[in-house]
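Okay, start-v5.txt now, which holds compact mmCIF, C-alpha atoms:
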```txt
# COMPACT_ATOMS: atom_id res chain seq x y z
CA MET A 1 55.15 75.32 101.71
CA ASP A 2 56.64 71.82 101.70
CA PRO A 3 58.77 70.73 98.75
CA ILE A 4 56.69 69.50 95.83
CA ARG A 5 56.46 65.75 95.64
CA ILE A 6 57.56 64.45 92.23
CA VAL A 7 56.46 61.06 90.92
CA GLU A 8 57.94 59.44 87.82
CA VAL A 9 55.14 57.81 85.85
CA LYS A 10 56.07 55.68 82.88
CA GLU A 11 53.87 54.45 80.09
CA ALA A 12 52.27 51.13 80.88
CA VAL A 13 52.31 48.33 78.36
CA LEU A 14 48.61 47.92 78.77
CA ALA A 15 46.51 46.28 76.11
CA ASP A 16 43.44 48.21 77.09
CA ASN A 17 43.79 51.85 78.13
CA ASP A 18 40.01 52.25 78.04
CA ALA A 19 39.56 49.52 80.66
CA ALA A 20 42.10 51.23 82.92
CA ALA A 21 40.28 54.53 82.38
CA ARG A 22 36.95 52.97 83.35
CA SER A 23 38.57 51.58 86.47
CA ASN A 24 39.85 55.05 87.45
CA LYS A 25 36.39 56.48 86.88
CA GLU A 26 34.71 53.85 89.01
CA ARG A 27 37.20 54.34 91.85
CA MET A 28 36.70 58.09 91.85
CA LYS A 29 32.93 57.68 91.69
CA ALA A 30 32.97 55.27 94.62
CA GLN A 31 34.67 57.87 96.81
CA ASN A 32 32.59 60.74 95.34
CA THR A 33 35.51 62.60 93.78
CA VAL A 34 35.21 64.31 90.38
CA LEU A 35 38.20 64.07 88.01
CA ILE A 36 38.72 66.77 85.37
CA ASN A 37 41.25 66.39 82.54
CA LEU A 38 42.65 69.77 81.40
CA MET A 39 44.38 69.78 78.03
CA GLY A 40 45.87 72.29 75.59
CA SER A 41 48.99 73.37 73.71
CA PRO A 42 52.17 74.47 75.48
CA GLY A 43 51.63 77.98 76.79
CA ALA A 44 47.86 77.97 76.25
CA GLY A 45 47.47 78.91 79.91
CA LYS A 46 46.57 75.70 81.69
CA THR A 47 48.30 76.57 84.96
CA SER A 48 47.08 80.17 85.08
CA THR A 49 43.56 78.94 84.30
CA LEU A 50 43.80 76.58 87.28
CA LEU A 51 44.94 79.45 89.51
CA GLN A 52 41.88 81.49 88.54
CA LEU A 53 39.58 78.52 89.16
CA ILE A 54 41.21 77.56 92.46
CA ALA A 55 40.70 81.11 93.76
CA ARG A 56 36.97 80.81 93.02
CA MET A 57 36.45 77.21 94.16
CA LYS A 58 38.73 76.43 97.07
CA ASP A 59 36.47 77.91 99.75
CA THR A 60 33.68 75.46 98.96
CA LEU A 61 35.50 72.48 97.47
CA ARG A 62 38.50 70.36 98.49
CA ILE A 63 40.74 70.51 95.43
CA GLY A 64 43.71 68.44 94.29
CA VAL A 65 45.88 69.09 91.25
CA MET A 66 48.10 66.63 89.37
CA GLU A 67 50.65 68.50 87.27
CA ALA A 68 51.92 66.33 84.43
CA ASP A 69 55.07 67.53 82.72
CA VAL A 70 57.87 66.10 80.67
CA ASP A 71 60.24 67.90 83.00
CA SER A 72 60.50 70.62 85.71
CA ASP A 73 58.20 71.36 88.61
CA VAL A 74 57.56 75.07 88.03
CA ASP A 75 53.82 74.56 87.50
CA ALA A 76 53.42 72.42 90.60
CA GLN A 77 55.26 75.01 92.69
CA THR A 78 52.90 77.69 91.39
CA ILE A 79 49.81 75.61 92.15
CA GLY A 80 51.12 74.59 95.56
CA ASP A 81 51.54 78.25 96.45
CA ALA A 82 47.78 78.66 95.80
CA GLY A 83 47.10 76.46 98.81
CA VAL A 84 45.74 73.23 97.36
CA ARG A 85 47.13 69.71 97.34
CA VAL A 86 49.41 69.16 94.38
CA ILE A 87 51.61 66.46 92.98
CA GLN A 88 54.08 66.70 90.10
CA LEU A 89 54.06 63.82 87.63
CA HIS A 90 56.97 63.35 85.26
CA THR A 91 56.20 61.35 82.14
CA ALA A 92 59.74 60.30 81.18
CA GLY A 93 59.50 62.14 77.87
CA LEU A 94 56.04 60.86 77.00
CA CYS A 95 53.73 63.37 75.31
CA HIS A 96 50.50 62.52 77.10
CA MET A 97 49.03 60.95 80.21
CA ASP A 98 47.40 57.54 79.90
CA ALA A 99 45.00 55.89 82.30
CA ASP A 100 47.54 53.83 84.21
CA MET A 101 49.87 56.81 84.67
CA THR A 102 46.85 58.70 85.98
CA ARG A 103 46.05 55.87 88.41
CA ARG A 104 49.57 56.01 89.79
CA GLY A 105 49.32 59.77 90.19
CA LEU A 106 46.01 59.49 92.03
CA GLU A 107 47.40 56.86 94.38
CA ALA A 108 50.57 58.82 95.08
CA MET A 109 48.67 62.05 95.78
CA GLY A 110 45.95 60.52 97.95
CA THR A 111 42.43 61.44 96.89
CA LYS A 112 39.89 60.11 99.40
CA ASP A 113 39.26 63.45 101.08
CA LEU A 114 39.09 65.47 97.84
CA ASP A 115 35.95 66.71 96.07
CA VAL A 116 37.57 67.48 92.75
CA ILE A 117 40.89 66.72 91.09
CA PHE A 118 42.29 68.55 88.10
CA LEU A 119 44.79 66.70 85.93
CA GLU A 120 46.86 69.25 84.05
CA ASN A 121 47.90 67.17 81.06
CA ILE A 122 51.11 67.58 79.01
CA GLY A 123 51.05 70.65 76.76
CA ASN A 124 50.02 69.04 73.50
CA LEU A 125 47.01 69.46 71.24
CA VAL A 126 47.33 66.02 69.63
CA CYS A 127 48.17 63.02 71.79
CA PRO A 128 46.28 63.68 75.06
CA ALA A 129 43.05 63.65 73.03
CA GLU A 130 43.69 60.01 72.14
CA PHE A 131 43.98 58.71 75.68
CA GLU A 132 41.07 58.44 78.09
CA VAL A 133 42.23 58.80 81.67
CA GLY A 134 38.86 58.19 83.32
CA ALA A 135 37.87 61.83 83.71
CA ASP A 136 34.31 62.96 84.36
CA LEU A 137 34.92 66.11 82.33
CA ARG A 138 37.41 66.94 79.58
CA MET A 139 38.31 70.62 79.26
CA MET A 140 40.60 71.93 76.54
CA ILE A 141 42.09 75.38 76.20
CA LEU A 142 42.46 77.12 72.87
CA SER A 143 44.44 80.32 73.39
CA VAL A 144 43.84 83.26 71.09
CA PRO A 145 47.43 83.58 69.77
CA GLU A 146 47.25 79.99 68.45
CA GLY A 147 44.66 81.09 65.91
CA ASP A 148 41.00 80.43 65.17
CA ASP A 149 41.84 77.72 62.60
CA LYS A 150 43.02 75.17 65.15
CA PRO A 151 39.80 73.09 65.16
CA LEU A 152 40.44 72.41 61.46
CA LYS A 153 43.98 71.20 62.08
CA TYR A 154 43.64 69.34 65.38
CA PRO A 155 40.05 68.09 65.17
CA LEU A 156 40.22 65.20 67.63
CA MET A 157 40.93 67.43 70.64
CA PHE A 158 37.85 69.52 69.91
CA THR A 159 35.78 66.41 69.25
CA VAL A 160 36.53 64.61 72.52
CA SER A 161 36.30 67.62 74.84
CA ASP A 162 33.26 68.70 76.82
CA VAL A 163 34.44 72.28 77.41
CA MET A 164 36.48 74.63 75.22
CA ILE A 165 38.07 77.47 77.17
CA VAL A 166 39.17 80.28 74.85
CA ASN A 167 41.97 81.90 76.83
CA LYS A 168 43.80 85.23 76.34
CA ILE A 169 40.56 86.63 74.92
CA ASP A 170 41.80 90.14 75.84
CA THR A 171 44.36 89.81 73.02
CA ALA A 172 41.80 88.90 70.31
CA PRO A 173 42.10 92.26 68.49
CA ILE A 174 45.90 92.00 68.35
CA PHE A 175 45.82 88.55 66.79
CA ASP A 176 42.79 89.08 64.48
CA PHE A 177 41.18 86.17 66.28
CA ASP A 178 37.59 85.51 65.21
CA LEU A 179 35.82 83.94 68.21
CA ALA A 180 32.67 83.20 66.24
CA ALA A 181 34.68 81.41 63.55
CA ALA A 182 36.61 79.38 66.14
CA CYS A 183 33.35 78.36 67.86
CA GLU A 184 31.69 77.51 64.58
CA ARG A 185 34.59 75.27 63.53
CA ALA A 186 34.77 73.57 66.93
CA CYS A 187 31.02 73.13 67.27
CA ALA A 188 30.79 71.65 63.76
CA LEU A 189 32.98 68.85 65.12
CA ASN A 190 31.23 68.68 68.47
CA PRO A 191 27.84 70.39 68.83
CA ARG A 192 27.61 69.75 72.60
CA LEU A 193 30.86 71.65 73.32
CA ALA A 194 30.46 74.33 76.02
CA VAL A 195 32.51 77.42 75.20
CA PHE A 196 33.95 79.87 77.75
CA PRO A 197 35.97 82.90 76.57
CA VAL A 198 38.30 83.95 79.41
CA SER A 199 41.46 85.82 80.20
CA ALA A 200 43.63 84.27 82.87
CA ARG A 201 45.50 87.58 83.01
CA THR A 202 42.50 89.84 83.71
CA GLY A 203 40.18 87.22 85.27
CA GLU A 204 37.49 87.98 82.69
CA GLY A 205 35.07 85.09 82.17
CA PHE A 206 36.23 82.99 85.12
CA ASP A 207 33.20 83.60 87.33
CA GLU A 208 31.05 81.98 84.64
CA LEU A 209 33.44 79.06 84.17
CA ALA A 210 33.79 78.46 87.92
CA ASP A 211 30.00 78.53 88.32
CA TYR A 212 29.64 76.01 85.50
CA LEU A 213 32.20 73.70 87.11
CA LYS A 214 30.70 74.01 90.59
CA ALA A 215 27.29 73.07 89.19
CA PHE A 216 28.79 70.16 87.26
CA ILE A 217 30.67 68.88 90.31
CA GLN A 218 27.60 69.21 92.54
CA GLU A 219 25.40 67.36 90.06
CA ARG A 220 27.96 64.63 89.48
CA ARG A 221 28.51 64.11 93.20
CA ALA A 222 24.75 64.01 93.86
CA GLN A 223 24.53 61.08 91.41
CA ALA A 224 27.23 59.08 93.17
CA MET B 1 46.92 77.18 41.29
CA ASP B 2 46.35 73.43 40.97
CA PRO B 3 44.62 71.57 43.78
CA ILE B 4 46.98 70.63 46.58
CA ARG B 5 48.17 67.05 46.42
CA ILE B 6 47.49 65.20 49.66
CA VAL B 7 49.43 62.10 50.66
CA GLU B 8 48.47 59.87 53.56
CA VAL B 9 51.62 58.84 55.41
CA LYS B 10 51.32 56.25 58.15
CA GLU B 11 53.80 55.38 60.83
CA ALA B 12 56.22 52.69 59.72
CA VAL B 13 56.94 49.74 61.96
CA LEU B 14 60.62 50.37 61.58
CA ALA B 15 63.08 49.08 64.08
CA ASP B 16 65.54 51.82 63.35
CA ASN B 17 64.24 55.32 62.66
CA ASP B 18 67.77 56.68 62.84
CA ALA B 19 68.90 54.43 59.98
CA ALA B 20 65.98 55.63 57.84
CA ALA B 21 66.87 59.23 58.73
CA ARG B 22 70.48 58.68 57.66
CA SER B 23 69.25 57.22 54.39
CA ASN B 24 67.09 60.33 53.74
CA LYS B 25 70.05 62.55 54.52
CA GLU B 26 72.34 60.67 52.14
CA ARG B 27 69.79 60.76 49.34
CA MET B 28 69.28 64.50 49.70
CA LYS B 29 73.02 65.07 49.88
CA ALA B 30 73.59 63.01 46.73
CA GLN B 31 71.23 65.30 44.80
CA ASN B 32 72.50 68.46 46.54
CA THR B 33 69.21 69.33 48.25
CA VAL B 34 69.10 70.70 51.80
CA LEU B 35 66.31 69.47 54.10
CA ILE B 36 65.14 71.67 56.98
CA ASN B 37 62.83 70.38 59.73
CA LEU B 38 60.62 73.15 61.16
CA MET B 39 58.98 72.38 64.50
CA GLY B 40 56.91 74.18 67.13
CA SER B 41 53.65 74.23 69.07
CA PRO B 42 50.27 74.62 67.37
CA GLY B 43 49.85 78.26 66.43
CA ALA B 44 53.51 79.18 67.01
CA GLY B 45 53.58 80.55 63.47
CA LYS B 46 55.27 77.85 61.39
CA THR B 47 53.34 78.57 58.20
CA SER B 48 53.57 82.34 58.46
CA THR B 49 57.31 82.01 59.15
CA LEU B 50 57.66 79.96 55.96
CA LEU B 51 55.77 82.63 54.01
CA GLN B 52 58.21 85.30 55.20
CA LEU B 53 61.20 83.10 54.34
CA ILE B 54 59.84 82.08 50.93
CA ALA B 55 59.38 85.74 49.97
CA ARG B 56 63.07 86.35 50.75
CA MET B 57 64.49 83.14 49.28
CA LYS B 58 62.48 82.07 46.26
CA ASP B 59 64.24 84.36 43.79
CA THR B 60 67.56 82.66 44.36
CA LEU B 61 66.60 79.17 45.53
CA ARG B 62 64.25 76.47 44.26
CA ILE B 63 62.09 75.71 47.30
CA GLY B 64 59.79 72.84 48.19
CA VAL B 65 57.55 72.60 51.25
CA MET B 66 56.07 69.48 52.86
CA GLU B 67 53.14 70.40 55.09
CA ALA B 68 52.53 67.72 57.69
CA ASP B 69 49.19 67.88 59.46
CA VAL B 70 46.90 65.59 61.33
CA ASP B 71 44.09 66.93 59.16
CA SER B 72 43.11 69.73 56.73
CA ASP B 73 45.09 71.31 53.92
CA VAL B 74 44.75 75.00 54.87
CA ASP B 75 48.51 75.44 55.41
CA ALA B 76 49.42 73.78 52.12
CA GLN B 77 46.95 75.99 50.24
CA THR B 78 48.53 79.06 51.84
CA ILE B 79 52.05 77.95 50.94
CA GLY B 80 51.01 76.94 47.41
CA ASP B 81 49.64 80.44 46.87
CA ALA B 82 53.16 81.74 47.62
CA GLY B 83 54.36 80.10 44.43
CA VAL B 84 56.55 77.21 45.58
CA ARG B 85 56.13 73.46 45.24
CA VAL B 86 54.09 72.06 48.09
CA ILE B 87 52.67 68.75 49.19
CA GLN B 88 50.28 68.06 52.05
CA LEU B 89 51.08 65.06 54.24
CA HIS B 90 48.42 63.62 56.50
CA THR B 91 49.72 61.60 59.42
CA ALA B 92 46.61 59.56 60.23
CA GLY B 93 46.39 61.09 63.70
CA LEU B 94 50.07 60.68 64.50
CA CYS B 95 51.66 63.52 66.46
CA HIS B 96 54.99 63.72 64.63
CA MET B 97 56.77 62.90 61.39
CA ASP B 98 59.24 60.02 61.40
CA ALA B 99 61.98 59.30 58.88
CA ASP B 100 60.02 56.83 56.76
CA MET B 101 56.99 59.14 56.55
CA THR B 102 59.40 61.86 55.47
CA ARG B 103 60.88 59.59 52.78
CA ARG B 104 57.43 58.93 51.37
CA GLY B 105 56.67 62.65 51.35
CA LEU B 106 59.93 63.43 49.54
CA GLU B 107 59.25 60.76 46.93
CA ALA B 108 55.67 61.88 46.37
CA MET B 109 56.65 65.54 46.02
CA GLY B 110 59.64 65.01 43.72
CA THR B 111 62.81 66.70 44.93
CA LYS B 112 65.59 66.34 42.35
CA ASP B 113 65.30 69.88 41.01
CA LEU B 114 64.97 71.54 44.43
CA ASP B 115 67.69 73.38 46.36
CA VAL B 116 65.96 73.37 49.73
CA ILE B 117 62.98 71.60 51.26
CA PHE B 118 61.19 72.71 54.39
CA LEU B 119 59.30 70.07 56.33
CA GLU B 120 56.65 71.81 58.43
CA ASN B 121 56.23 69.24 61.18
CA ILE B 122 53.06 68.60 63.21
CA GLY B 123 52.31 71.35 65.74
CA ASN B 124 53.78 69.76 68.85
CA LEU B 125 56.60 70.73 71.18
CA VAL B 126 57.21 67.20 72.43
CA CYS B 127 57.16 64.29 69.98
CA PRO B 128 58.79 65.74 66.83
CA ALA B 129 61.93 66.36 68.89
CA GLU B 130 62.26 62.61 69.42
CA PHE B 131 62.29 61.62 65.76
CA GLU B 132 65.15 62.36 63.39
CA VAL B 133 63.88 62.74 59.84
CA GLY B 134 67.28 63.21 58.19
CA ALA B 135 67.26 67.00 58.16
CA ASP B 136 70.41 69.07 57.67
CA LEU B 137 69.01 71.73 59.99
CA ARG B 138 66.43 71.63 62.77
CA MET B 139 64.61 74.88 63.44
CA MET B 140 62.09 75.29 66.24
CA ILE B 141 59.76 78.19 66.90
CA LEU B 142 58.98 79.43 70.38
CA SER B 143 56.23 82.03 70.15
CA VAL B 144 56.08 84.80 72.73
CA PRO B 145 52.54 84.04 74.02
CA GLU B 146 53.67 80.52 74.98
CA GLY B 147 55.92 82.00 77.64
CA ASP B 148 59.64 82.25 78.36
CA ASP B 149 59.56 79.18 80.65
CA LYS B 150 59.04 76.66 77.85
CA PRO B 151 62.71 75.52 77.69
CA LEU B 152 62.31 74.33 81.29
CA LYS B 153 59.20 72.32 80.51
CA TYR B 154 59.98 70.92 77.05
CA PRO B 155 63.77 70.64 77.18
CA LEU B 156 64.32 68.06 74.45
CA MET B 157 63.02 70.30 71.65
CA PHE B 158 65.44 73.04 72.64
CA THR B 159 68.26 70.53 73.02
CA VAL B 160 67.98 68.92 69.58
CA SER B 161 67.37 72.10 67.57
CA ASP B 162 70.02 74.13 65.74
CA VAL B 163 67.93 77.31 65.50
CA MET B 164 65.38 78.84 67.88
CA ILE B 165 63.07 81.33 66.18
CA VAL B 166 61.31 83.50 68.76
CA ASN B 167 58.16 84.54 66.89
CA LYS B 168 55.53 87.20 67.70
CA ILE B 169 58.31 89.25 69.29
CA ASP B 170 56.21 92.38 68.70
CA THR B 171 53.85 91.13 71.44
CA ALA B 172 56.58 90.66 74.07
CA PRO B 173 55.46 93.65 76.20
CA ILE B 174 51.85 92.40 76.28
CA PHE B 175 52.84 88.95 77.50
CA ASP B 176 55.66 90.03 79.88
CA PHE B 177 57.95 87.82 77.83
CA ASP B 178 61.60 88.01 78.87
CA LEU B 179 63.68 87.25 75.76
CA ALA B 180 66.94 87.18 77.69
CA ALA B 181 65.49 84.67 80.16
CA ALA B 182 64.14 82.47 77.36
CA CYS B 183 67.52 82.51 75.60
CA GLU B 184 69.39 81.80 78.80
CA ARG B 185 67.18 78.80 79.58
CA ALA B 186 67.40 77.44 76.04
CA CYS B 187 71.14 78.03 75.72
CA ALA B 188 71.79 76.34 79.06
CA LEU B 189 70.40 73.20 77.40
CA ASN B 190 72.09 73.82 74.07
CA PRO B 191 74.91 76.38 73.94
CA ARG B 192 75.25 76.19 70.13
CA LEU B 193 71.60 77.25 69.55
CA ALA B 194 71.26 80.19 67.12
CA VAL B 195 68.47 82.53 68.22
CA PHE B 196 66.41 84.77 65.90
CA PRO B 197 63.71 87.04 67.35
CA VAL B 198 61.15 87.70 64.59
CA SER B 199 57.60 88.77 63.94
CA ALA B 200 55.88 86.97 61.09
CA ARG B 201 53.21 89.68 61.26
CA THR B 202 55.50 92.69 60.83
CA GLY B 203 58.40 90.94 59.04
CA GLU B 204 60.84 92.11 61.74
CA GLY B 205 63.94 89.92 61.97
CA PHE B 206 63.32 87.87 58.83
CA ASP B 207 66.06 89.46 56.73
CA GLU B 208 68.59 88.21 59.27
CA LEU B 209 67.04 84.73 59.43
CA ALA B 210 66.82 84.43 55.63
CA ASP B 211 70.47 85.52 55.29
CA TYR B 212 71.50 82.93 57.86
CA LEU B 213 69.61 80.19 56.01
CA LYS B 214 70.93 81.23 52.60
CA ALA B 215 74.49 81.07 53.93
CA PHE B 216 73.81 77.70 55.57
CA ILE B 217 72.31 76.27 52.37
CA GLN B 218 75.16 77.61 50.24
CA GLU B 219 77.78 76.17 52.55
CA ARG B 220 76.05 72.81 52.82
CA ARG B 221 75.60 72.54 49.04
CA ALA B 222 79.23 73.48 48.45
CA GLN B 223 80.23 70.50 50.61
CA ALA B 224 78.15 68.05 48.60
```

Could you write out this structure as structure tokens?
Amino acid sequence: MDPIRIVEVKEAVLADNDAAARSNKERMKAQNTVLINLMGSPGAGKTSTLLQLIARMKDTLRIGVMEADVDSDVDAQTIGDAGVRVIQLHTAGLCHMDADMTRRGLEAMGTKDLDVIFLENIGNLVCPAEFEVGADLRMMILSVPEGDDKPLKYPLMFTVSDVMIVNKIDTAPIFDFDLAAACERACALNPRLAVFPVSARTGEGFDELADYLKAFIQERRAQA
Amino acid sequence: MDPIRIVEVKEAVLADNDAAARSNKERMKAQNTVLINLMGSPGAGKTSTLLQLIARMKDTLRIGVMEADVDSDVDAQTIGDAGVRVIQLHTAGLCHMDADMTRRGLEAMGTKDLDVIFLENIGNLVCPAEFEVGADLRMMILSVPEGDDKPLKYPLMFTVSDVMIVNKIDTAPIFDFDLAAACERACALNPRLAVFPVSARTGEGFDELADYLKAFIQERRAQA
């Protein structure tokens, strides 16, 4: 494949991130493209989750991926190898993507012919939850080795997300991870949270998640 | 035990975090107390690492722990049960501890009769690396399930740390984690990094780490 394009995106000194997020959302809606913000800790499995989803969605949907990282382009290379459009965003050390950085990424990648765009946010369970980027859907990954107490300690991420993906579910016995307890704690913060236990290593659970996303994308695009 | 004391620490509008960090360092040095900043991703095992270290160090050293969290006091309760002085710091949503927040934590906990204080920083592999708190030693935890590529993606944390603890090493075969590759990547950024593979579940590797810390603390206190 071609070399990965890398764009340096720096934090904007914007008074109103929410206004910039709304503007992103309106622009994507106008061209009938769905934007999904994927968040989670370092190593939770964001890139491998995208690979599983791309394999199940790329035959019927035109997919773009924006890989946001503090440094490196290893994730973008991996995604590019999966045969979808990808751009690497570097955040100059910043720990999250904001709406204006997202806008610049969208413009640099080119989005008009895409049905759905995944933004893989910086690996961080705190800051990305505080910044709207204009996404139609916010998905967060809690991976089993992180522990089932994370909703207690990082409540905002679980509160603002629409979907909680519980990754590495095949290792639950090794880590004494209590899925019911994790769900209960997360859903106490956010009763409308949709929960999908998966394993990006075995593929378990991804048919259900891909079906959910396809239905969401279809419904959202029908409204546009 | 008594209820955990919780202190709300908010970000200071300080022009010079480094100056505040130097001030913390001088104050701790003047009273012969060593301050250790413990960092890592959510779920990397910071609290369980502290429990293993406390068990090996509390007979010969007077230990204090500052638990920094966005929310909850579950970690502080756990540490308090281990029989050392502990205070819970809440960061009002902020993703890292800065030097002035650390000062307020030290003052609220009371430190004059302590030999060593561990600051368990917010679970985050990005932001805490950017803020000096005045620690004598910076330890970061990379846990095996996060993956051996993390030094490539979050280089600053590996660059500013003195010690890399590789936790959950007992799960390395399950996660295809290459310890040599992780070390090579981290040490390329920071050749003086001391690496300790451990398992906070089995206790493996903690005798070596505790011995290293005891020697460091002894040497540092002898200089004071």

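Rounded to one decimal, atom CA of A:Lys112 and atom CA of A:Glu130 lie 27.5 Å from each other.
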
Please report as a Markdown table every residue of chain B lying within 6 Å of chain A, along with the nearest atom pair and their distance in Å (one decimal), using all atoms listed in the file.
```
| residue | atom | partner | partner_atom | distance |
| --- | --- | --- | --- | --- |
| B:Gly43 | CA | A:Glu146 | CA | 3.7 |
| B:Asp71 | CA | A:Lys153 | CA | 5.2 |
| B:Ser72 | CA | A:Lys153 | CA | 5.6 |
| B:Cys95 | CA | A:Val126 | CA | 5.9 |
| B:Val126 | CA | A:Cys95 | CA | 5.9 |
| B:Glu146 | CA | A:Gly43 | CA | 3.7 |
| B:Gly147 | CA | A:Gly43 | CA | 5.9 |
| B:Lys153 | CA | A:Asp71 | CA | 5.2 |
```

Within 10 Å of B:Asn190 using all atoms listed in the file, minus same-chain residues under 4 positions, as number ranges by chain: B: 155-156, 158-162, 183-186, 194

Shortest interatomic distance to A:Gly105 - which of A:Ser48, A:Asn32, A:Thr78, A:Asn121, counting all atoms listed in the file: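 Of A:Ser48, A:Asn32, A:Thr78, A:Asn121, the one nearest A:Gly105 is A:Asn121, counting all atoms listed in the file.
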
Which neighbours of B:Leu35 fall inside 9 Å, counting all atoms listed in the file, when residues of the same chain fewer than 3 positions from it are skipped, and could you give them as a CSV table (one decimal) with C-alpha atoms, in the frame of the given file?
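The file below, out00.csv, is the result:
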```csv
chain,number,residue,atom,x,y,z
B,25,LYS,CA,70.0,62.6,54.5
B,28,MET,CA,69.3,64.5,49.7
B,115,ASP,CA,67.7,73.4,46.4
B,116,VAL,CA,66.0,73.4,49.7
B,117,ILE,CA,63.0,71.6,51.3
B,118,PHE,CA,61.2,72.7,54.4
B,119,LEU,CA,59.3,70.1,56.3
B,134,GLY,CA,67.3,63.2,58.2
B,135,ALA,CA,67.3,67.0,58.2
B,136,ASP,CA,70.4,69.1,57.7
B,137,LEU,CA,69.0,71.7,60.0
B,138,ARG,CA,66.4,71.6,62.8
```

Length of the atom CA of A:Leu38 to atom CA of A:Met140 vector [Å]: 5.7 Å

Atomic distance atom CA of A:Met164 - atom CA of A:Val195, expressed in Å with one decimal: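 According to the coordinates, atom CA of A:Met164 and atom CA of A:Val195 are separated by 4.9 Å.
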
Given only C-alpha atoms as the counted atoms, nearest of B:Ala215, B:Ala99, B:Ala224, B:Leu89 to B:Ala30: B:Ala224

Test item: which residues lie within 9 Å of (65.8, 69.2, 41.3) counting only C-alpha atoms, as a list in words: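 Residues satisfying the cut-off, written out: Gln31, Asn32, Thr33, Arg62, Gly110, Thr111, Lys112, Asp113, Leu114 and Asp115 of chain B.
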
Taking all listed atoms of stretch 142-158 of chain B, build the axis-aligned box, pad each of the six sides by 5 Å, then write its centre and edge lengths in Å to one decimal as JSON.
```
{"center_x": 59.0, "center_y": 76.4, "center_z": 75.7, "size_x": 22.9, "size_y": 26.7, "size_z": 21.1}
```

Polymer residues at most 12 Å from A:Thr202, only C-alpha atoms, same-chain spacing of 4 or more positions, as a list of chain:residue names: A:Ser48, A:Thr49, A:Gln52, A:Asn167, A:Lys168, A:Ile169, A:Asp170, A:Thr171, A:Pro197, A:Val198, A:Phe206, A:Asp207
